[in-house]
Amino acid sequence: MKIKHLIPVFLLLALGTFSSCDLFDKVDDVSFDVTLPLDFAVNETADNPSGKTYTDSKLLDASSDPEVAKYASKIQEFTVNKVTYTISGASDQSITFTNGTLKVSSGKTIASASSVSLSNTAETELTADTAGFNELASLLLADKQELVQLQGTLSETPVSFTVKFKFYVTLTADAL
C-alpha cells in the first residue's frame with residue numbers, strides 16, 4: 001500500500017525536476033526600459049522653393065547607454081515600444097517635412113509621419129511599423145547598434161533644424 005503512494009510522489013518530483021530548469025533560468029532575468037536618442041541636424045542651404053528630398057543616416061548605438069553596456073553580453077531580447085520626435089531650432093517654421101520615414105539599413109521602415117510641421121516643438125509619437133520594430137530589435141540584439149536612415153521631402157529650402165528621435169526600448173537580460 002505504501003509503495004502505491006510513493007510512485008506518484010516520485011513521478012511528480014521527477015517531472016518537476018525536468019520542467020523547472022527553464023523556470024530557474026528565467027528567475028534571474030531582468031527587464032528594464034531605456035530611451036535611446038538619435039539626433040539629425042538638417043541644414044539644407046540650396047534654394048529650392050518647390051521642395052527637396054532629404055535623406056541622411058545616423059548610427060543608433062544602444063551600447064552607449066550605461067544600462068545597456070552593463071548587461072551587453074547578457075541581453076536576451078530587445079523590444080522596441082515606440083519612437084518619438086522633437087523638432088527644435090527651425091530657421092523657418094512655415095516649412096513642412098512630408099512622407100517622413102525612419103528605416104533600418106535593409107530598407108525596412110521602422111516608423112513614419114505623413115506631414116510634420118517644423119513649428120511643432122512638442123514630443124510627438126511616430127506611426128509604428130510592427131515588422132520594422134521587430135527587425136530593429138533583432139538587429140540591436142545582434143550587435144547593439146544599427147544604421148538608421150531618415151528620409152522625406154522638405155516643402156522648400158533653404159532650412160535648418162534639429163530633429164531628435166527617442167527610441168523607447170525594453171531589454172531583457174540575464175542578471176547572473
# chains A, B, ... in the order shown; residues from 1 in each chain; ligands from 1
>>> residues_around(residues="Lys108 in chain A", least_positions_apart="4", cutoff="8 Å", atoms="only C-alpha atoms", output="count of residues only")
4
>>> residues_around(residues="Lys74 in chain A", least_positions_apart="6", cutoff="10 Å", atoms="only C-alpha atoms", output="list of chain:residue names")
A:Asp29, A:Val30, A:Val68, A:Thr172, A:Ala173, A:Asp174, A:Ala175, A:Leu176
>>> write_last_selection(atoms="N, CA and C atoms", output="compact mmCIF listing (two decimals), in the first residue's frame")
# COMPACT_ATOMS: atom_id res chain seq x y z
N ASP A 29 16.23 36.66 -14.73
CA ASP A 29 16.12 37.62 -15.83
C ASP A 29 15.69 38.98 -15.30
N VAL A 30 16.23 40.01 -15.91
CA VAL A 30 15.91 41.38 -15.55
C VAL A 30 15.37 42.07 -16.78
N VAL A 68 22.55 49.48 -20.83
CA VAL A 68 22.74 48.51 -21.90
C VAL A 68 24.17 47.98 -21.85
N THR A 172 15.52 42.69 -22.01
CA THR A 172 15.51 41.57 -21.09
C THR A 172 16.90 40.97 -21.11
N ALA A 173 17.48 40.84 -19.91
CA ALA A 173 18.85 40.35 -19.80
C ALA A 173 18.94 39.34 -18.66
N ASP A 174 19.94 38.49 -18.76
CA ASP A 174 20.25 37.53 -17.70
C ASP A 174 21.06 38.29 -16.66
N ALA A 175 20.53 38.38 -15.44
CA ALA A 175 21.18 39.17 -14.41
C ALA A 175 22.43 38.50 -13.85
N LEU A 176 22.50 37.20 -13.94
CA LEU A 176 23.67 36.48 -13.37
C LEU A 176 24.72 36.17 -14.42
>>> select_by_dssp(residues="range 77-117 of chain A", states="strand (DSSP E or B)", output="number ranges by chain")
A: 77-88, 96-104, 109-117
>>> write_last_selection(atoms="N, CA and C atoms", output="compact mmCIF listing (two decimals), in the first residue's frame")
# COMPACT_ATOMS: atom_id res chain seq x y z
N GLU A 77 16.90 39.91 -25.20
CA GLU A 77 15.83 40.41 -26.05
C GLU A 77 15.75 41.93 -25.99
N PHE A 78 15.52 42.53 -27.15
CA PHE A 78 15.17 43.94 -27.26
C PHE A 78 13.72 43.99 -27.72
N THR A 79 12.95 44.92 -27.19
CA THR A 79 11.59 45.17 -27.66
C THR A 79 11.46 46.67 -27.88
N VAL A 80 11.20 47.08 -29.12
CA VAL A 80 11.01 48.49 -29.42
C VAL A 80 9.53 48.80 -29.16
N ASN A 81 9.26 49.74 -28.25
CA ASN A 81 7.89 50.07 -27.86
C ASN A 81 7.30 51.23 -28.65
N LYS A 82 8.11 52.27 -28.86
CA LYS A 82 7.64 53.42 -29.64
C LYS A 82 8.83 54.28 -30.03
N VAL A 83 8.59 55.17 -31.00
CA VAL A 83 9.59 56.14 -31.42
C VAL A 83 8.90 57.51 -31.46
N THR A 84 9.55 58.50 -30.85
CA THR A 84 9.02 59.86 -30.86
C THR A 84 10.05 60.80 -31.48
N TYR A 85 9.58 62.01 -31.82
CA TYR A 85 10.49 63.02 -32.33
C TYR A 85 10.15 64.37 -31.71
N THR A 86 11.17 65.23 -31.69
CA THR A 86 11.00 66.62 -31.26
C THR A 86 11.79 67.49 -32.22
N ILE A 87 11.15 68.55 -32.73
CA ILE A 87 11.79 69.49 -33.64
C ILE A 87 12.27 70.69 -32.82
N SER A 88 13.47 71.16 -33.13
CA SER A 88 13.96 72.38 -32.46
C SER A 88 14.83 73.19 -33.42
N THR A 96 7.22 72.39 -44.05
CA THR A 96 6.79 71.07 -43.60
C THR A 96 7.71 69.99 -44.15
N PHE A 97 7.75 68.90 -43.42
CA PHE A 97 8.53 67.71 -43.82
C PHE A 97 7.50 66.62 -44.04
N THR A 98 7.33 66.18 -45.30
CA THR A 98 6.27 65.22 -45.62
C THR A 98 6.84 63.86 -45.98
N ASN A 99 5.99 62.84 -45.85
CA ASN A 99 6.34 61.46 -46.16
C ASN A 99 7.63 61.03 -45.45
N GLY A 100 7.77 61.46 -44.21
CA GLY A 100 8.96 61.14 -43.43
C GLY A 100 8.96 59.69 -42.99
N THR A 101 10.10 59.03 -43.15
CA THR A 101 10.24 57.65 -42.70
C THR A 101 11.59 57.45 -42.03
N LEU A 102 11.60 56.54 -41.08
CA LEU A 102 12.84 56.03 -40.49
C LEU A 102 12.97 54.60 -40.94
N LYS A 103 14.14 54.23 -41.45
CA LYS A 103 14.37 52.88 -41.96
C LYS A 103 15.66 52.31 -41.40
N VAL A 104 15.70 50.98 -41.33
CA VAL A 104 16.95 50.30 -40.98
C VAL A 104 17.75 50.11 -42.26
N THR A 109 11.01 49.87 -43.17
CA THR A 109 10.53 51.04 -42.44
C THR A 109 10.29 50.71 -40.98
N ILE A 110 10.80 51.56 -40.09
CA ILE A 110 10.59 51.42 -38.65
C ILE A 110 9.35 52.20 -38.24
N ALA A 111 9.30 53.47 -38.67
CA ALA A 111 8.21 54.37 -38.29
C ALA A 111 8.09 55.46 -39.34
N SER A 112 6.93 56.14 -39.33
CA SER A 112 6.71 57.18 -40.34
C SER A 112 5.80 58.29 -39.82
N ALA A 113 5.80 59.38 -40.57
CA ALA A 113 4.91 60.51 -40.33
C ALA A 113 4.56 61.10 -41.68
N SER A 114 3.27 61.30 -41.94
CA SER A 114 2.88 61.79 -43.25
C SER A 114 3.21 63.27 -43.45
N SER A 115 3.06 64.09 -42.40
CA SER A 115 3.36 65.51 -42.52
C SER A 115 3.77 66.06 -41.15
N VAL A 116 4.91 66.69 -41.11
CA VAL A 116 5.45 67.26 -39.87
C VAL A 116 5.69 68.75 -40.08
N SER A 117 5.04 69.56 -39.27
CA SER A 117 5.28 71.00 -39.31
C SER A 117 6.49 71.31 -38.45
>>> select_by_dssp(residues="chain A", states="alpha helix (DSSP H)", output="PyMOL selection string")
chain A and resi 2-27+66-71+130-143
>>> atom_distance(atom1="CA of Leu147 in chain A", atom2="CA of Ser73 in chain A")
20.5 Å
>>> decode(residues="range 37-75 of chain A", atoms="C-alpha atoms", output="mmCIF file, in the first residue's frame")
data_model
loop_
_atom_site.group_PDB
_atom_site.id
_atom_site.type_symbol
_atom_site.label_atom_id
_atom_site.label_comp_id
_atom_site.auth_asym_id
_atom_site.auth_seq_id
_atom_site.Cartn_x
_atom_site.Cartn_y
_atom_site.Cartn_z
ATOM 1 C CA PRO A 37 18.433 59.069 -28.541
ATOM 2 C CA LEU A 38 19.233 59.729 -32.199
ATOM 3 C CA ASP A 39 19.639 63.310 -33.461
ATOM 4 C CA PHE A 40 19.643 64.587 -37.020
ATOM 5 C CA ALA A 41 20.864 68.126 -37.760
ATOM 6 C CA VAL A 42 19.193 69.144 -41.022
ATOM 7 C CA ASN A 43 20.925 72.002 -42.863
ATOM 8 C CA GLU A 44 19.803 72.397 -46.449
ATOM 9 C CA THR A 45 21.382 75.561 -47.918
ATOM 10 C CA ALA A 46 20.345 75.265 -51.574
ATOM 11 C CA ASP A 47 17.442 77.467 -52.710
ATOM 12 C CA ASN A 48 14.593 75.144 -53.741
ATOM 13 C CA PRO A 49 11.239 76.968 -53.420
ATOM 14 C CA SER A 50 9.350 73.914 -54.776
ATOM 15 C CA GLY A 51 10.828 71.478 -52.251
ATOM 16 C CA LYS A 52 13.620 68.983 -51.905
ATOM 17 C CA THR A 53 14.016 65.329 -50.974
ATOM 18 C CA TYR A 54 16.079 64.822 -47.826
ATOM 19 C CA THR A 55 17.992 61.666 -46.831
ATOM 20 C CA ASP A 56 20.551 61.105 -44.081
ATOM 21 C CA SER A 57 21.740 58.187 -41.948
ATOM 22 C CA LYS A 58 22.947 58.008 -38.345
ATOM 23 C CA LEU A 59 24.136 55.179 -36.119
ATOM 24 C CA LEU A 60 21.737 54.198 -33.328
ATOM 25 C CA ASP A 61 24.144 52.857 -30.713
ATOM 26 C CA ALA A 62 22.371 51.123 -27.822
ATOM 27 C CA SER A 63 25.676 50.269 -26.136
ATOM 28 C CA SER A 64 26.241 53.985 -25.414
ATOM 29 C CA ASP A 65 23.525 53.714 -22.731
ATOM 30 C CA PRO A 66 25.154 52.761 -19.386
ATOM 31 C CA GLU A 67 22.446 50.207 -18.512
ATOM 32 C CA VAL A 68 22.740 48.508 -21.898
ATOM 33 C CA ALA A 69 26.538 48.473 -21.603
ATOM 34 C CA LYS A 70 26.266 46.922 -18.130
ATOM 35 C CA TYR A 71 24.299 43.927 -19.477
ATOM 36 C CA ALA A 72 25.615 43.934 -23.082
ATOM 37 C CA SER A 73 26.811 40.327 -23.157
ATOM 38 C CA LYS A 74 23.750 39.080 -21.277
ATOM 39 C CA ILE A 75 20.947 40.728 -23.254
#
